[in-house]
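Here is the structure we will look at, set down as structure tokens.
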Amino acid sequence: MNASGHWLTSRPATSRPATSPRGSSPPSASRLLASPWGRSAVAAGAGALPVAAFPAPALWWWAYVALVPWMLLARSAPSGRRAARDGWCGGFGFMLAMHHWLLPSLNVFTLVIAALLGALWAPWGWLVRRFLAPGASGTPGRGRIGGALLVLPSAWLVVELVRSWQGLGGPWGMLGASQWQVEPALRLASVGGVWLLSFLVVAVNVAVAVIVSVPGSRTPALAGLVATAATASAAWVWAPRPEVEGRARIAVVQPGVVDGAQRRFDVAERLTRRLIGQDVGLIVWGESSVGYDLGEHPELAARVAALSRATGADILVNVDARRTDRPGIYKSAILVGPHGPTGDRYDKMRLVPFGEYIPARSLFGWATSVGRAAGEDRRRGSEQVVMDIGPALRIGPMICFETAFPDMSRHLAEDGADLLVAQSSTSSFQHSWAPAQHASLAALRAAETGRSFVHATLTGDSAVYDASGRRLGPRLGTEASTAAVYDVPLADGVTPYVRYGDWPVHGALLVLVALGLTEGAGAIRLRRGVPAPLGPPARTVHGSRARPGR
């Protein structure tokens with residue numbers, strides 16, 4: 001008989017799979033998340049998801065939802081400390097997946113770097129729980145959701161700002177860089193750089209996470225999506241478009257994978273001779289295309305000068321060698337004309353950590369024993385250079401890794417460069433995602449500055465983009481050994497990003513400062529709102545202490 005007084009009929013027992021309440025995790029998933037190591041592994045996997053939005057998969061649309069699983073995990077953390085750990089582990093997964101192609105070169109040290117940099121996301125994970133987790137009053141209200149749409153993208157931007165410091169590896173894999181092939185996103189980049197793209201991509205992820213997990217607060221989330229769409233539309237309509245003032249015929253020489261510095265030079269020389277009679281104005285060789293100092297080997301300088309005379313174009317070579325006029329090894333872009341080196345030279349300023357130098361070598365020098373880290377530190381250049389190519393063209397050279405830094409191309413545009421040129425080589429990672437990821441950065445730098453961009457590599461991928469970030473002509477993949485000529489439009493004008501700089505970062509810092517002041521003021525009010533006892537509790541006639549308020 002049941003509690004209502006009705007007799008229960010006996011039913012045969014049947015084997016039926018256990019079901020979980022709607023919206024809860026299956027038992028196996030709950031057990032996994034209950035284990036600290038299991039939860040950390042899930043967080044690392046969730047953090048790796050956004051990488052599919054970058055080349056080579058290049059699923060740009062995936063970036064707008066890829067952070068949602070990571071955020072939902074941090075939201076469900078039982079404590080702020082666990083949410084911070086979810087942020088750390090997710091950051092480890094993101095950095096490891098983004099730089100997985102470093103494993104053959106740095107081996108186990110890649111894991112160390114990913115773990116150290118992943119810690120930058122620990123505060124972000126804590127903030128996700130702070131704004132999206134249910135509180136004492138139930139689901140987060142509209143005010144908290146509105147705050148999340150500002151604070152969480154701002155916190156992500158600050159993480160990208162900190163890790164953009166060269167000593168921490170530089171800004172490779174900024175979330176906004178996944179939008180390099182989306183024309184409306186490139187228009188936004190001309191307004192606020194890759195920083196604005198990162199902010200808006202994270203904001204969309206926050207809105208989607210709220211719609212999925214907090215049904216009662218969907219209104220502010222939908223408002224955030226509408227605001228993002230309105231921002232993109234406004235940039236599309238009102239952002240100034242580059243004005244084409246002329247054109248230049250630029251040739252890219254890509255030798256391909258060739259062993260030995262002398263053989264590499266010979267192949268580049270042979271390919272350059274194919275350009276005779278093609279009326280080019282500038283020929284660009286890739287990074288490390290010349291493995292000897294031209295001052296010590298004048299015969300090589302003479303051969304390049306002969307090519308310049310035969311083609312009628314200046315040649316921008318890249319020398320990776322020990323200099324004779326000063327100590328140390330430099331990577332240098334050197335312009336060679338029909339009479340030899342013109343005197344225009346740019347020495348690479350921002351070096352690749354562990355590939356070209358080892359940060360804190362006394363502490364991390366052991367990396368050379370477990371991988372192909374730099375045995376000797378390269379020397380840094382001191383300033384950026386704009387080179388004159390005849391009377392009508394000024395170029396701003398960069399070398400390899402430097403194209404990841406938006407401020408370098410912005411300063412070159414400010415200094416009067418008509419065309420941005422990067423010399424690169426990713427031959428150590430030839431069959432990975434690295435060459436395609438590197439080439440994609442040129443599209444963003446072009447859109448940010450309103451200047452066409454030539455990305456010339458030794459072994460691929462080489463690509464050329466116009467001032468709006470659209471690709472021109474063929475892409476030279478990692479299998480190509482050839483020379484290609486591009487008719488490149490030269491644009492004039494100043495984009496909002498060049499004029500106002502990294503204003504989204506400044507706004508993000510202000511948001512976090514305001515958050516800190518608000519939280520601090522709230523903590524002070526809370527402490528003041530708790531009355532302190534006026535004196536020791538009085539004793540009763542029985543000798544026991546009376547409780548306050550009784």
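We name chains A, B, ... following the order of the structure tokens; residues begin at 1 in each chain, and ligands are numbered from 1 as shown.
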DSSP helix (DSSP H, G or I) residues within stretch 185-402 of chain A, listed as a PyMOL selection string: chain A and resi 185-213+215-238+261-273+298-311+361-364+367-370+400-402
Write a file of the just-selected residues containing C-alpha atoms, as a PDB file, in the first residue's frame.
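Saved result, again.pdb, follows:
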ATOM      1  CA  ALA A 185      35.966  41.437 -39.583  1.00  0.00           C
ATOM      2  CA  LEU A 186      38.813  42.947 -41.588  1.00  0.00           C
ATOM      3  CA  ARG A 187      36.864  46.199 -41.739  1.00  0.00           C
ATOM      4  CA  LEU A 188      36.612  46.093 -37.948  1.00  0.00           C
ATOM      5  CA  ALA A 189      40.360  45.481 -37.765  1.00  0.00           C
ATOM      6  CA  SER A 190      40.930  48.793 -39.548  1.00  0.00           C
ATOM      7  CA  VAL A 191      39.051  50.458 -36.672  1.00  0.00           C
ATOM      8  CA  GLY A 192      40.417  48.693 -33.590  1.00  0.00           C
ATOM      9  CA  GLY A 193      42.967  46.180 -34.789  1.00  0.00           C
ATOM     10  CA  VAL A 194      42.950  42.514 -33.932  1.00  0.00           C
ATOM     11  CA  TRP A 195      42.162  43.586 -30.341  1.00  0.00           C
ATOM     12  CA  LEU A 196      38.662  44.698 -31.277  1.00  0.00           C
ATOM     13  CA  LEU A 197      38.054  41.410 -33.076  1.00  0.00           C
ATOM     14  CA  SER A 198      39.130  39.409 -30.017  1.00  0.00           C
ATOM     15  CA  PHE A 199      36.857  41.459 -27.778  1.00  0.00           C
ATOM     16  CA  LEU A 200      33.805  40.937 -29.986  1.00  0.00           C
ATOM     17  CA  VAL A 201      34.458  37.220 -30.530  1.00  0.00           C
ATOM     18  CA  VAL A 202      34.651  36.642 -26.767  1.00  0.00           C
ATOM     19  CA  ALA A 203      31.526  38.768 -26.212  1.00  0.00           C
ATOM     20  CA  VAL A 204      29.577  36.583 -28.636  1.00  0.00           C
ATOM     21  CA  ASN A 205      30.796  33.470 -26.802  1.00  0.00           C
ATOM     22  CA  VAL A 206      29.637  34.943 -23.491  1.00  0.00           C
ATOM     23  CA  ALA A 207      26.202  35.682 -24.949  1.00  0.00           C
ATOM     24  CA  VAL A 208      25.870  32.157 -26.330  1.00  0.00           C
ATOM     25  CA  ALA A 209      26.958  30.649 -23.005  1.00  0.00           C
ATOM     26  CA  VAL A 210      24.291  32.690 -21.215  1.00  0.00           C
ATOM     27  CA  ILE A 211      21.584  31.688 -23.706  1.00  0.00           C
ATOM     28  CA  VAL A 212      22.507  28.019 -23.212  1.00  0.00           C
ATOM     29  CA  SER A 213      22.901  27.960 -19.440  1.00  0.00           C
ATOM     30  CA  PRO A 215      17.492  30.907 -19.769  1.00  0.00           C
ATOM     31  CA  GLY A 216      16.115  33.522 -17.397  1.00  0.00           C
ATOM     32  CA  SER A 217      18.724  36.061 -18.505  1.00  0.00           C
ATOM     33  CA  ARG A 218      18.517  35.673 -22.249  1.00  0.00           C
ATOM     34  CA  THR A 219      17.409  39.251 -22.855  1.00  0.00           C
ATOM     35  CA  PRO A 220      20.760  40.933 -22.046  1.00  0.00           C
ATOM     36  CA  ALA A 221      22.565  38.156 -23.917  1.00  0.00           C
ATOM     37  CA  LEU A 222      20.500  38.761 -27.024  1.00  0.00           C
ATOM     38  CA  ALA A 223      21.109  42.488 -26.597  1.00  0.00           C
ATOM     39  CA  GLY A 224      24.839  41.752 -26.588  1.00  0.00           C
ATOM     40  CA  LEU A 225      24.540  39.861 -29.860  1.00  0.00           C
ATOM     41  CA  VAL A 226      22.583  42.735 -31.379  1.00  0.00           C
ATOM     42  CA  ALA A 227      25.210  45.230 -30.182  1.00  0.00           C
ATOM     43  CA  THR A 228      27.988  43.137 -31.767  1.00  0.00           C
ATOM     44  CA  ALA A 229      26.121  42.995 -35.070  1.00  0.00           C
ATOM     45  CA  ALA A 230      25.475  46.736 -34.911  1.00  0.00           C
ATOM     46  CA  THR A 231      29.177  47.423 -34.275  1.00  0.00           C
ATOM     47  CA  ALA A 232      30.176  45.348 -37.284  1.00  0.00           C
ATOM     48  CA  SER A 233      27.562  47.068 -39.433  1.00  0.00           C
ATOM     49  CA  ALA A 234      28.689  50.520 -38.335  1.00  0.00           C
ATOM     50  CA  ALA A 235      32.303  49.715 -39.155  1.00  0.00           C
ATOM     51  CA  TRP A 236      31.253  48.406 -42.551  1.00  0.00           C
ATOM     52  CA  VAL A 237      29.369  51.599 -43.367  1.00  0.00           C
ATOM     53  CA  TRP A 238      31.480  54.337 -41.795  1.00  0.00           C
ATOM     54  CA  ALA A 261      73.166  28.042 -47.628  1.00  0.00           C
ATOM     55  CA  GLN A 262      75.106  28.036 -50.904  1.00  0.00           C
ATOM     56  CA  ARG A 263      72.633  25.791 -52.733  1.00  0.00           C
ATOM     57  CA  ARG A 264      69.747  27.910 -51.416  1.00  0.00           C
ATOM     58  CA  PHE A 265      71.405  31.043 -52.807  1.00  0.00           C
ATOM     59  CA  ASP A 266      71.964  29.333 -56.155  1.00  0.00           C
ATOM     60  CA  VAL A 267      68.301  28.309 -56.438  1.00  0.00           C
ATOM     61  CA  ALA A 268      67.110  31.818 -55.555  1.00  0.00           C
ATOM     62  CA  GLU A 269      69.475  33.253 -58.161  1.00  0.00           C
ATOM     63  CA  ARG A 270      68.183  30.897 -60.850  1.00  0.00           C
ATOM     64  CA  LEU A 271      64.545  31.682 -60.049  1.00  0.00           C
ATOM     65  CA  THR A 272      65.244  35.425 -60.055  1.00  0.00           C
ATOM     66  CA  ARG A 273      66.616  35.226 -63.603  1.00  0.00           C
ATOM     67  CA  PRO A 298      81.558  40.640 -51.765  1.00  0.00           C
ATOM     68  CA  GLU A 299      81.253  38.067 -54.557  1.00  0.00           C
ATOM     69  CA  LEU A 300      77.714  37.256 -53.363  1.00  0.00           C
ATOM     70  CA  ALA A 301      76.798  40.940 -53.227  1.00  0.00           C
ATOM     71  CA  ALA A 302      78.121  41.265 -56.786  1.00  0.00           C
ATOM     72  CA  ARG A 303      75.941  38.376 -57.979  1.00  0.00           C
ATOM     73  CA  VAL A 304      72.816  39.952 -56.441  1.00  0.00           C
ATOM     74  CA  ALA A 305      73.732  43.339 -57.985  1.00  0.00           C
ATOM     75  CA  ALA A 306      74.042  41.631 -61.373  1.00  0.00           C
ATOM     76  CA  LEU A 307      70.540  40.214 -60.932  1.00  0.00           C
ATOM     77  CA  SER A 308      69.298  43.720 -60.103  1.00  0.00           C
ATOM     78  CA  ARG A 309      70.787  45.093 -63.314  1.00  0.00           C
ATOM     79  CA  ALA A 310      69.364  42.227 -65.388  1.00  0.00           C
ATOM     80  CA  THR A 311      65.842  42.522 -64.001  1.00  0.00           C
ATOM     81  CA  ARG A 361      69.300  31.451 -20.557  1.00  0.00           C
ATOM     82  CA  SER A 362      70.768  30.774 -17.103  1.00  0.00           C
ATOM     83  CA  LEU A 363      67.370  29.395 -16.065  1.00  0.00           C
ATOM     84  CA  PHE A 364      66.064  27.832 -19.289  1.00  0.00           C
ATOM     85  CA  ALA A 367      66.063  23.586 -23.401  1.00  0.00           C
ATOM     86  CA  THR A 368      68.991  23.130 -25.818  1.00  0.00           C
ATOM     87  CA  SER A 369      69.507  19.597 -24.457  1.00  0.00           C
ATOM     88  CA  VAL A 370      65.946  18.439 -25.129  1.00  0.00           C
ATOM     89  CA  CYS A 400      59.235  36.536 -39.767  1.00  0.00           C
ATOM     90  CA  PHE A 401      57.769  36.534 -36.238  1.00  0.00           C
ATOM     91  CA  GLU A 402      57.416  40.329 -36.253  1.00  0.00           C
TER      92      GLU A 402
END
Excluding same-chain residues fewer than 5 positions from stretch 252-256 of chain A, what lies within 9 Å of it counting only C-alpha atoms, as number ranges by chain? A: 264-265, 267-268, 271-272, 282-286, 289, 427, 454-460, 462-463, 476, 478-486
Taking into account only C-alpha atoms, which residue in the set A:Ala74, A:Ala155, A:Met174, A:Leu111 is nearest to A:Val51?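 Of A:Ala74, A:Ala155, A:Met174, A:Leu111, the one nearest A:Val51 is A:Met174, counting only C-alpha atoms.
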Can you work out which one of A:Cys89, A:Val214, A:Ile145, A:Ala66 has the shortest atom-to-atom distance to A:Leu175, counting only C-alpha atoms? A:Ala66
I want to know what sits within 12 Å of stretch 375-383 of chain A, based on only C-alpha atoms, with residues of the same chain fewer than 6 positions away left out; could you give that as a ChimeraX atom specification? /A:320-323,326-333,345-361,364-369,396-399,408,411-412,415
Since we have the selection now, will you write its residues out, keeping C-alpha atoms, as a PDB file, in the first residue's frame?
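Below you can see selection31.pdb, which holds the result:
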ATOM      1  CA  ASP A 320      71.323  35.432 -41.450  1.00  0.00           C
ATOM      2  CA  ALA A 321      74.992  35.529 -40.493  1.00  0.00           C
ATOM      3  CA  ARG A 322      77.630  36.789 -38.122  1.00  0.00           C
ATOM      4  CA  ARG A 323      78.412  40.397 -38.965  1.00  0.00           C
ATOM      5  CA  ARG A 326      80.052  44.262 -35.024  1.00  0.00           C
ATOM      6  CA  PRO A 327      79.914  41.172 -32.802  1.00  0.00           C
ATOM      7  CA  GLY A 328      77.120  38.615 -32.971  1.00  0.00           C
ATOM      8  CA  ILE A 329      74.681  37.036 -35.409  1.00  0.00           C
ATOM      9  CA  TYR A 330      71.955  39.212 -36.919  1.00  0.00           C
ATOM     10  CA  LYS A 331      69.000  38.619 -39.184  1.00  0.00           C
ATOM     11  CA  SER A 332      68.874  41.556 -41.563  1.00  0.00           C
ATOM     12  CA  ALA A 333      66.807  42.757 -44.496  1.00  0.00           C
ATOM     13  CA  ARG A 345      69.377  47.759 -43.795  1.00  0.00           C
ATOM     14  CA  TYR A 346      66.935  46.584 -41.162  1.00  0.00           C
ATOM     15  CA  ASP A 347      68.072  44.311 -38.324  1.00  0.00           C
ATOM     16  CA  LYS A 348      65.372  42.142 -36.797  1.00  0.00           C
ATOM     17  CA  MET A 349      64.224  43.594 -33.466  1.00  0.00           C
ATOM     18  CA  ARG A 350      61.853  40.981 -32.055  1.00  0.00           C
ATOM     19  CA  LEU A 351      63.386  37.554 -31.957  1.00  0.00           C
ATOM     20  CA  VAL A 352      61.639  34.194 -31.683  1.00  0.00           C
ATOM     21  CA  PRO A 353      61.933  32.902 -28.094  1.00  0.00           C
ATOM     22  CA  PHE A 354      63.955  29.664 -27.954  1.00  0.00           C
ATOM     23  CA  GLY A 355      64.288  29.619 -31.753  1.00  0.00           C
ATOM     24  CA  GLU A 356      66.581  32.662 -32.007  1.00  0.00           C
ATOM     25  CA  TYR A 357      67.381  33.310 -28.378  1.00  0.00           C
ATOM     26  CA  ILE A 358      66.639  31.744 -25.001  1.00  0.00           C
ATOM     27  CA  PRO A 359      64.940  34.023 -22.458  1.00  0.00           C
ATOM     28  CA  ALA A 360      66.745  33.863 -19.110  1.00  0.00           C
ATOM     29  CA  ARG A 361      69.300  31.451 -20.557  1.00  0.00           C
ATOM     30  CA  PHE A 364      66.064  27.832 -19.289  1.00  0.00           C
ATOM     31  CA  GLY A 365      69.307  26.988 -21.071  1.00  0.00           C
ATOM     32  CA  TRP A 366      68.584  23.289 -20.540  1.00  0.00           C
ATOM     33  CA  ALA A 367      66.063  23.586 -23.401  1.00  0.00           C
ATOM     34  CA  THR A 368      68.991  23.130 -25.818  1.00  0.00           C
ATOM     35  CA  SER A 369      69.507  19.597 -24.457  1.00  0.00           C
ATOM     36  CA  GLY A 396      58.439  48.923 -44.418  1.00  0.00           C
ATOM     37  CA  PRO A 397      60.318  45.640 -43.882  1.00  0.00           C
ATOM     38  CA  MET A 398      59.645  43.124 -41.126  1.00  0.00           C
ATOM     39  CA  ILE A 399      61.166  39.722 -40.539  1.00  0.00           C
ATOM     40  CA  MET A 408      55.161  47.141 -35.671  1.00  0.00           C
ATOM     41  CA  HIS A 411      54.416  52.290 -36.706  1.00  0.00           C
ATOM     42  CA  LEU A 412      55.711  51.616 -40.224  1.00  0.00           C
ATOM     43  CA  ASP A 415      56.418  56.519 -40.677  1.00  0.00           C
TER      44      ASP A 415
END
Which polymer residues have any atom within 10 Å of an atom of A:Gly47, counting only C-alpha atoms, with same-chain residues fewer than 4 positions away left out, as a tab-separated table (two decimals) with C-alpha atoms, in the first residue's frame?
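Result file is result_29.tsv:
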chain	number	residue	atom	x	y	z
A	41	ALA	CA	41.80	17.10	-18.49
A	42	VAL	CA	38.31	18.17	-19.57
A	43	ALA	CA	39.29	21.83	-19.08
A	51	VAL	CA	42.30	26.36	-32.34
A	66	ALA	CA	34.35	27.53	-29.27
A	67	LEU	CA	34.79	29.10	-25.82
A	68	VAL	CA	31.32	28.07	-24.63
A	69	PRO	CA	32.24	24.58	-23.26
A	70	TRP	CA	35.21	26.05	-21.40
A	71	MET	CA	33.03	28.79	-19.91
A	86	ASP	CA	39.78	25.41	-14.88
A	87	GLY	CA	40.98	28.65	-16.44
A	88	TRP	CA	44.61	27.62	-16.03
A	89	CYS	CA	44.09	24.15	-17.46
A	90	GLY	CA	42.03	25.53	-20.33
A	91	GLY	CA	44.78	28.05	-21.07
A	92	PHE	CA	47.30	25.20	-21.07
A	93	GLY	CA	45.17	23.31	-23.59
A	94	PHE	CA	44.78	26.40	-25.78
A	95	MET	CA	48.49	27.23	-25.84
A	96	LEU	CA	49.54	23.63	-26.40
A	97	ALA	CA	47.07	23.14	-29.26
A	118	GLY	CA	48.22	28.88	-19.39
What gap, in Å, lies between atom CA of A:Ala374 and atom CA of A:Arg445?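 Separation of atom CA of A:Ala374 and atom CA of A:Arg445: 27.9 Å.
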Could you list, as an NGL selection string, every residue within 9 Å of A:Phe109, counting only C-alpha atoms and ignoring same-chain residues fewer than 3 positions away? :A and (103 or 106 or 112-114 or 367 or 370-371)
Could you check the closest approach to A:Gln181 for each of A:Ser409, A:Ser164, A:Ser468, A:Thr403 and tell me which residue wins, using only C-alpha atoms?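 Smallest distance to A:Gln181 is found for A:Ser468.
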Which of these, A:Gln430, A:Ser30, A:Thr324, A:Gln278, has the shortest distance to A:Asp293 once you count only C-alpha atoms?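 Among A:Gln430, A:Ser30, A:Thr324, A:Gln278, it is A:Thr324 that comes nearest to A:Asp293.
Between atom CA of A:Ala133 and atom CA of A:Ser76 the interatomic distance comes to 6.6 Å.
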Using only C-alpha atoms, which residues sit within 8 Å of stretch 488-499 of chain A once same-chain residues fewer than 2 positions away are excluded, as number ranges by chain? A: 189-193, 239-240, 242-250, 410-411, 413-414, 418-419, 448-452, 466-467, 472, 486, 501-502
Of the candidates A:Arg372, A:Ala29, A:Gly295, A:Pro435, which one gets nearest to A:Gly343 if we count only C-alpha atoms? A:Gly295
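We find atom CA of A:Ala53 and atom CA of A:Ser440 to be spaced 12.1 Å apart.
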Quick one: DSSP strand (DSSP E or B) residues in stretch 169-408 of chain A, as a VMD selection string? chain A and resid 243 to 254 282 to 285 290 314 to 322 329 to 337 340 to 347 353 357 387 to 389 393 to 399
Written file, previous selection with C-alpha atoms, as an mmCIF file, in the first residue's frame:
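Written file, result-v2.cif:
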data_model
loop_
_atom_site.group_PDB
_atom_site.id
_atom_site.type_symbol
_atom_site.label_atom_id
_atom_site.label_comp_id
_atom_site.auth_asym_id
_atom_site.auth_seq_id
_atom_site.Cartn_x
_atom_site.Cartn_y
_atom_site.Cartn_z
ATOM 1 C CA GLU A 243 42.172 54.885 -51.539
ATOM 2 C CA VAL A 244 44.388 53.424 -54.247
ATOM 3 C CA GLU A 245 47.006 55.960 -55.355
ATOM 4 C CA GLY A 246 49.105 53.782 -57.662
ATOM 5 C CA ARG A 247 50.366 50.281 -58.348
ATOM 6 C CA ALA A 248 53.653 48.419 -58.131
ATOM 7 C CA ARG A 249 54.791 45.151 -59.660
ATOM 8 C CA ILE A 250 56.352 43.078 -56.886
ATOM 9 C CA ALA A 251 58.010 39.688 -57.352
ATOM 10 C CA VAL A 252 58.342 37.007 -54.670
ATOM 11 C CA VAL A 253 61.104 34.406 -54.954
ATOM 12 C CA GLN A 254 60.451 31.185 -53.020
ATOM 13 C CA LEU A 282 60.969 45.127 -56.423
ATOM 14 C CA ILE A 283 62.053 41.517 -55.894
ATOM 15 C CA VAL A 284 61.723 40.021 -52.403
ATOM 16 C CA TRP A 285 63.662 36.988 -51.197
ATOM 17 C CA VAL A 290 71.640 34.571 -47.804
ATOM 18 C CA ASP A 314 66.043 46.375 -56.523
ATOM 19 C CA ILE A 315 66.258 43.095 -54.580
ATOM 20 C CA LEU A 316 65.465 42.789 -50.889
ATOM 21 C CA VAL A 317 67.521 39.880 -49.561
ATOM 22 C CA ASN A 318 67.707 38.561 -46.016
ATOM 23 C CA VAL A 319 71.060 37.806 -44.416
ATOM 24 C CA ASP A 320 71.323 35.432 -41.450
ATOM 25 C CA ALA A 321 74.992 35.529 -40.493
ATOM 26 C CA ARG A 322 77.630 36.789 -38.122
ATOM 27 C CA ILE A 329 74.681 37.036 -35.409
ATOM 28 C CA TYR A 330 71.955 39.212 -36.919
ATOM 29 C CA LYS A 331 69.000 38.619 -39.184
ATOM 30 C CA SER A 332 68.874 41.556 -41.563
ATOM 31 C CA ALA A 333 66.807 42.757 -44.496
ATOM 32 C CA ILE A 334 69.289 44.340 -46.944
ATOM 33 C CA LEU A 335 68.374 46.205 -50.097
ATOM 34 C CA VAL A 336 70.634 45.545 -53.101
ATOM 35 C CA GLY A 337 70.529 47.717 -56.223
ATOM 36 C CA GLY A 340 75.452 46.649 -54.853
ATOM 37 C CA PRO A 341 73.983 47.160 -51.363
ATOM 38 C CA THR A 342 72.276 50.554 -51.198
ATOM 39 C CA GLY A 343 72.988 51.050 -47.502
ATOM 40 C CA ASP A 344 69.363 50.423 -46.482
ATOM 41 C CA ARG A 345 69.377 47.759 -43.795
ATOM 42 C CA TYR A 346 66.935 46.584 -41.162
ATOM 43 C CA ASP A 347 68.072 44.311 -38.324
ATOM 44 C CA PRO A 353 61.933 32.902 -28.094
ATOM 45 C CA TYR A 357 67.381 33.310 -28.378
ATOM 46 C CA MET A 387 63.356 52.040 -47.310
ATOM 47 C CA ASP A 388 63.036 54.057 -50.511
ATOM 48 C CA ILE A 389 62.607 52.020 -53.689
ATOM 49 C CA LEU A 393 57.716 53.596 -53.407
ATOM 50 C CA ARG A 394 58.606 53.357 -49.729
ATOM 51 C CA ILE A 395 58.558 49.940 -48.072
ATOM 52 C CA GLY A 396 58.439 48.923 -44.418
ATOM 53 C CA PRO A 397 60.318 45.640 -43.882
ATOM 54 C CA MET A 398 59.645 43.124 -41.126
ATOM 55 C CA ILE A 399 61.166 39.722 -40.539
#
